[in-house]
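J.: I have a structure here, written as structure tokens, and I will follow up with some questions on it.
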Amino acid sequence: MHCLQRAVVRSSFLGRGLAQAPTRRLLQTSPFLREEENANVESTIESQTAEQSETPRTTRRRRKFIQWLNSEGEKYKNPSPGQTNYLRPDQPYPLNPEFKPRAPVADTVKEQIYETYLSDPRKWTPRQLGTKYQLAIKRVEAILRLKAAEKRMEKEGFVLQTDFNRGMERLMGVTSNHEHESLTEIIPNVGKPAFKLIDEEQQFTPEDAARELGRKPFATMQQSLLESQLSKPFELHVQVNDQTTFVKKETTLGNARHKFVFIDQAKGRSNKETMIRDRDGTLRTATRGEKGHTLMSH
């Protein structure tokens, strides 16, 4: 009886195996089902890889940074135009509270000053420009010289960092309405304080104070400064050192399409010499503009 039951059970299992065997073989041998399974597997792997790449690793430090960036750090991420982006309103360095620099003059204003001067240099002197734009004479002279050097560098092939300049102006609160300055600024060499006992009714003028300190009166210093400025008219002269030294000429080493640049890379030499091989084979030293263009391109 027991043997008969075992035989029935075995036959039932065999029957199931025989019934399922053709289906398994069909799945294994069907090329359409195999391609569909491979496509499903590949799509699952790609989706998992994309999720892993898109989801960054969120650490505790990163969570704190994102929280700070969405609260207190929002003003550093998106600064307001016309305002400084310092840690404090007018203090770029927290450990130096005495240093409170004024905002620089906008580049658009500098360009206007330079164009106005070029329109009529005899009429628009640095004093007249300083009076018009409410800037010190020394600052106007510096703006004119720097703008002239900038225009010359552009002609020589230098690439100016205009985007960087605009970004820095935006972060430093630069506007077209700059802070007004006096035309002349006299900063005497101040030493140790001096004390003198005088009677309450005795008169003590600035000339007396200058005499005690061994200096000229402030009004005299202003007058002498004005006379020196009037006696020496401003001349916009930018010193250019574009001299080149001829070395030798070898026509066989020239190239009809390109020039060749040779830079001395020897160790221990701070002034690296730059040589140019022209198209006609002439070997010479590089000019100042060619050196600058080489440094910018490399």
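Chain labels follow the order of the structure tokens: the first chain is A, the next B, and so on; residue numbering restarts at 1 in every chain, and ligands are counted from 1 in their shown order.
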For Val174 (chain A), please output as a PyMOL selection string all residues within 12 Å (counting only C-alpha atoms; exclusion window: fewer than 2 positions along the same chain).
T.: chain A and resi 80-85+101-109+165-172+176-179
J.: Skip region 118-125 of chain A itself and residues of its chain fewer than 3 positions away, then list as a ChimeraX atom specification all residues within 10 Å of it, counting only C-alpha atoms.
T.: /A:112-115,128-132,137,140-141,144,233-236
J.: Write the residues you've just listed into a file as an mmCIF file, in the first residue's frame, and include N, CA, C and O atoms for each of them.
T.:
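Written file, result-v6.cif:
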```
data_model
loop_
_atom_site.group_PDB
_atom_site.id
_atom_site.type_symbol
_atom_site.label_atom_id
_atom_site.label_comp_id
_atom_site.auth_asym_id
_atom_site.auth_seq_id
_atom_site.Cartn_x
_atom_site.Cartn_y
_atom_site.Cartn_z
ATOM 1 N N GLN A 112 33.503 107.608 -19.322
ATOM 2 C CA GLN A 112 33.003 108.943 -19.643
ATOM 3 C C GLN A 112 34.083 110.000 -19.421
ATOM 4 O O GLN A 112 34.238 110.928 -20.226
ATOM 5 N N ILE A 113 34.836 109.871 -18.336
ATOM 6 C CA ILE A 113 35.914 110.832 -18.059
ATOM 7 C C ILE A 113 36.960 110.792 -19.164
ATOM 8 O O ILE A 113 37.429 111.830 -19.646
ATOM 9 N N TYR A 114 37.321 109.590 -19.594
ATOM 10 C CA TYR A 114 38.346 109.450 -20.631
ATOM 11 C C TYR A 114 37.853 110.004 -21.967
ATOM 12 O O TYR A 114 38.598 110.710 -22.665
ATOM 13 N N GLU A 115 36.613 109.713 -22.338
ATOM 14 C CA GLU A 115 36.076 110.215 -23.603
ATOM 15 C C GLU A 115 35.930 111.738 -23.565
ATOM 16 O O GLU A 115 36.168 112.416 -24.578
ATOM 17 N N GLN A 128 39.217 120.518 -14.286
ATOM 18 C CA GLN A 128 37.857 120.694 -14.780
ATOM 19 C C GLN A 128 37.064 119.378 -14.698
ATOM 20 O O GLN A 128 35.882 119.378 -14.336
ATOM 21 N N LEU A 129 37.719 118.269 -15.010
ATOM 22 C CA LEU A 129 37.045 116.973 -14.907
ATOM 23 C C LEU A 129 36.731 116.624 -13.458
ATOM 24 O O LEU A 129 35.666 116.077 -13.160
ATOM 25 N N GLY A 130 37.669 116.960 -12.556
ATOM 26 C CA GLY A 130 37.410 116.714 -11.146
ATOM 27 C C GLY A 130 36.254 117.545 -10.627
ATOM 28 O O GLY A 130 35.460 117.081 -9.804
ATOM 29 N N THR A 131 36.151 118.784 -11.105
ATOM 30 C CA THR A 131 35.028 119.632 -10.702
ATOM 31 C C THR A 131 33.706 119.094 -11.234
ATOM 32 O O THR A 131 32.679 119.121 -10.541
ATOM 33 N N LYS A 132 33.708 118.587 -12.463
ATOM 34 C CA LYS A 132 32.476 118.078 -13.067
ATOM 35 C C LYS A 132 32.026 116.785 -12.404
ATOM 36 O O LYS A 132 30.819 116.625 -12.111
ATOM 37 N N ILE A 137 41.705 115.499 -8.056
ATOM 38 C CA ILE A 137 42.501 115.677 -9.269
ATOM 39 C C ILE A 137 43.438 114.491 -9.472
ATOM 40 O O ILE A 137 43.597 113.995 -10.595
ATOM 41 N N VAL A 140 41.542 111.615 -10.925
ATOM 42 C CA VAL A 140 41.225 111.823 -12.339
ATOM 43 C C VAL A 140 42.453 111.545 -13.197
ATOM 44 O O VAL A 140 42.363 110.892 -14.252
ATOM 45 N N GLU A 141 43.617 112.019 -12.776
ATOM 46 C CA GLU A 141 44.842 111.756 -13.525
ATOM 47 C C GLU A 141 45.132 110.257 -13.604
ATOM 48 O O GLU A 141 45.536 109.738 -14.658
ATOM 49 N N LEU A 144 42.738 108.629 -16.131
ATOM 50 C CA LEU A 144 43.113 108.904 -17.519
ATOM 51 C C LEU A 144 44.300 108.053 -17.955
ATOM 52 O O LEU A 144 44.309 107.496 -19.063
ATOM 53 N N PRO A 233 51.271 121.512 -16.543
ATOM 54 C CA PRO A 233 50.030 120.997 -17.135
ATOM 55 C C PRO A 233 50.089 119.484 -17.326
ATOM 56 O O PRO A 233 51.151 118.898 -17.541
ATOM 57 N N PHE A 234 48.934 118.877 -17.232
ATOM 58 C CA PHE A 234 48.838 117.418 -17.340
ATOM 59 C C PHE A 234 49.036 116.984 -18.781
ATOM 60 O O PHE A 234 48.472 117.568 -19.711
ATOM 61 N N GLU A 235 49.826 115.960 -18.984
ATOM 62 C CA GLU A 235 50.049 115.367 -20.305
ATOM 63 C C GLU A 235 49.802 113.874 -20.216
ATOM 64 O O GLU A 235 50.377 113.188 -19.374
ATOM 65 N N LEU A 236 48.921 113.415 -21.070
ATOM 66 C CA LEU A 236 48.596 111.991 -21.091
ATOM 67 C C LEU A 236 49.635 111.276 -21.938
ATOM 68 O O LEU A 236 49.490 111.115 -23.154
#
```
J.: DSSP on the backbone: which residues in region 77-200 of chain A end up as alpha helix (DSSP H)? Give the answer as a PyMOL selection string.
T.: chain A and resi 77+107-119+126-133+137-155+162-171
J.: Need the shell around Lys272 (chain A): protein/DNA/RNA residues with any atom at most 7 Å away, counting only C-alpha atoms. Skip same-chain ones fewer than 6 positions apart. Format as a PyMOL selection string?
T.: chain A and resi 263-265
J.: Provide the CA of Asp280 (chain A) to CA of Asn255 (chain A) distance in Å, to one decimal place.
T.: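 CA of Asp280 (chain A) sits 6.8 Å away from CA of Asn255 (chain A).
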